[in-house]
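Accompanying notes for the structure given below.
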Amino acid sequence: MEVTLFIHAADDAFRILENAKMQAVGLLDTATRLTSETRWMEEKKVQTILKGAQETRSGLQNFLATFVMLMAFWALLSGKFDAFHLSLGVICSGIVAYLSHDLLFANVRVGDGRVIARRFLGYIPWLLYEIVTANFYVAYLAVSPKMPIDPQIIRFKTKLESDISWVTLANSITLTPGTVTIDVAEREFMVHALDRKVAADLDTGEMEDRVAHIFMEADHIYIQDVLDVSRIFAELKRGI
Amino acid sequence: MIDRSDDIIIKTIARIFVPFIQLYALYVIMHGHYSPGGGFQGGVILGASLALLLITHGYDEIKRRIPEGVIILLGSVGVLIYAGIGLTCLLLGGNYLDYGQLSVILHVDPAHARSLGILGVELGVGFTVMAIMYSIFFDIATGGILPEDQKREEKVKREG
């Protein structure tokens, strides 16, 4: 009798314990689900804030930047600075900037525009020097009686990252006598070179390094200006 | 039908140059009465910039900026401006396109009125030439079939 009672009591205790365990597991499950849901929502919220900040910043800024550049171009062309012609310029620049404000700065990378412009201006003399020396070399190849050319097509993968830097490199290669860019596809350049020396010069990658330097792709300092950070921090503090 | 070009060089250069080409075209139109150029030349340049955009960025990109209907409308509006200025001069008692008569409406001296009248006519010519040049290019490029029509036809063919 005593023994059966004891067994019953033990059974009951065991059942109660089991129930409690189940409840605890259920509670834990809900808790995890809730946290993951809130986290997902928070992440989504942060993403929309980031995206919104980027878009509002870029749309108007692009329009204004395009407008200013076009207005300067107009003043350069027109050369008349009376009110009538300047107002015509403002109207025309406005129309063109409205129609194509997303063209000029389509996939612009983030970086200081003034630094890029300065570095680009610094690149031009070097390129001119290269063109002049390559001119002499190609002239030597052409007039020497044996004409020691060795035409070849070389392919190389580039480390450059944006379309504008690919185009700058491709056009620099084409401008330099002796080498012509045939195709740029999927980061791969196909270049025709007139001579082994010209090809070797290209292979040193100096031009590529310099182009990377212009567009700030060598030194990774372009992160700093990605977003308007203060606004996002304020939103984060307030909302989450 | 013209698809967008895959060549990164052509695309990027076109992307950077199109706004400047368009502004240059407008400059040629607006300064037609001072310097060489005028409505026709400017209109052709403007049409060429649109053709360049069509070749490099494809039909959808153009349609997003300037729909086909607007281009056709501009073609007609240009003729309307030209004929309107001419007829206004006629109604004011001068010859057709006798800009001097416009001084009555514009409240300026006849010489200035001539200048403004020519500018208006140039503008009309520019619009029409741009629209027609682009339309001709577009029709040759597509064979007169819009991509929307093509898609609709294919859909009908699939379902029927």
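Here, A, B, ... name the chains of the structure tokens in the order displayed, residue numbers run from 1 inside each chain, and ligands are numbered from 1 in the same displayed order.
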
Could you write out as JSON, numbers by chain the residues of chain B within 7 Å of chain A, counting only C-alpha atoms? {"B": [8, 9, 12, 15, 16, 19, 20, 22, 23, 26, 65]}

Neighbours of B:Leu123 within 10 Å (only C-alpha atoms; same-chain residues fewer than 3 positions away dropped), as a PyMOL selection string? chain B and resi 26+29-30+32+38-40+42-43+78-79+81-82+117-120+126-129

Restricting the output to N, CA and C atoms, write the selected residues as a short mmCIF file (atom, residue, chain, number, x, y, z; two decimals), in the first residue's frame.
data_model
loop_
_atom_site.label_atom_id
_atom_site.label_comp_id
_atom_site.auth_asym_id
_atom_site.auth_seq_id
_atom_site.Cartn_x
_atom_site.Cartn_y
_atom_site.Cartn_z
N LEU B 26 21.17 73.11 -77.98
CA LEU B 26 20.32 74.23 -77.57
C LEU B 26 21.05 75.56 -77.77
N ILE B 29 20.83 76.47 -81.36
CA ILE B 29 19.50 76.97 -81.69
C ILE B 29 19.34 78.40 -81.18
N MET B 30 19.71 78.63 -79.92
CA MET B 30 19.43 79.92 -79.28
C MET B 30 20.30 81.05 -79.84
N GLY B 32 21.26 81.21 -82.99
CA GLY B 32 21.20 81.13 -84.45
C GLY B 32 21.16 82.49 -85.11
N GLY B 38 21.66 77.56 -86.17
CA GLY B 38 20.25 77.91 -86.21
C GLY B 38 19.40 76.71 -85.92
N GLY B 39 18.12 76.86 -86.20
CA GLY B 39 17.16 75.82 -85.85
C GLY B 39 17.47 74.48 -86.45
N PHE B 40 17.77 74.45 -87.74
CA PHE B 40 17.96 73.15 -88.38
C PHE B 40 19.19 72.44 -87.82
N GLY B 42 20.86 72.96 -85.03
CA GLY B 42 20.70 72.59 -83.62
C GLY B 42 19.76 71.41 -83.46
N GLY B 43 18.68 71.42 -84.25
CA GLY B 43 17.72 70.32 -84.17
C GLY B 43 18.36 69.00 -84.55
N GLY B 78 6.42 72.48 -83.19
CA GLY B 78 7.41 73.29 -83.89
C GLY B 78 6.82 73.94 -85.13
N VAL B 79 6.10 73.15 -85.93
CA VAL B 79 5.46 73.71 -87.13
C VAL B 79 4.46 74.78 -86.74
N ILE B 81 4.51 76.72 -84.09
CA ILE B 81 5.19 77.96 -83.69
C ILE B 81 5.60 78.75 -84.93
N TYR B 82 6.21 78.04 -85.89
CA TYR B 82 6.68 78.69 -87.11
C TYR B 82 5.51 79.37 -87.82
N GLY B 117 11.70 87.56 -83.01
CA GLY B 117 10.89 86.76 -83.94
C GLY B 117 11.72 85.64 -84.56
N ILE B 118 12.95 86.00 -84.98
CA ILE B 118 13.81 84.97 -85.57
C ILE B 118 14.10 83.88 -84.55
N LEU B 119 14.34 84.31 -83.29
CA LEU B 119 14.62 83.32 -82.24
C LEU B 119 13.45 82.34 -82.10
N GLY B 120 12.22 82.89 -82.11
CA GLY B 120 11.04 82.02 -81.99
C GLY B 120 10.94 81.05 -83.14
N GLY B 126 13.83 74.09 -84.72
CA GLY B 126 14.65 73.15 -83.95
C GLY B 126 13.83 72.00 -83.41
N PHE B 127 12.68 72.31 -82.79
CA PHE B 127 11.81 71.25 -82.26
C PHE B 127 11.44 70.26 -83.34
N THR B 128 10.94 70.81 -84.48
CA THR B 128 10.45 69.92 -85.53
C THR B 128 11.57 69.05 -86.09
N VAL B 129 12.72 69.69 -86.36
CA VAL B 129 13.82 68.92 -86.95
C VAL B 129 14.28 67.83 -85.99
#
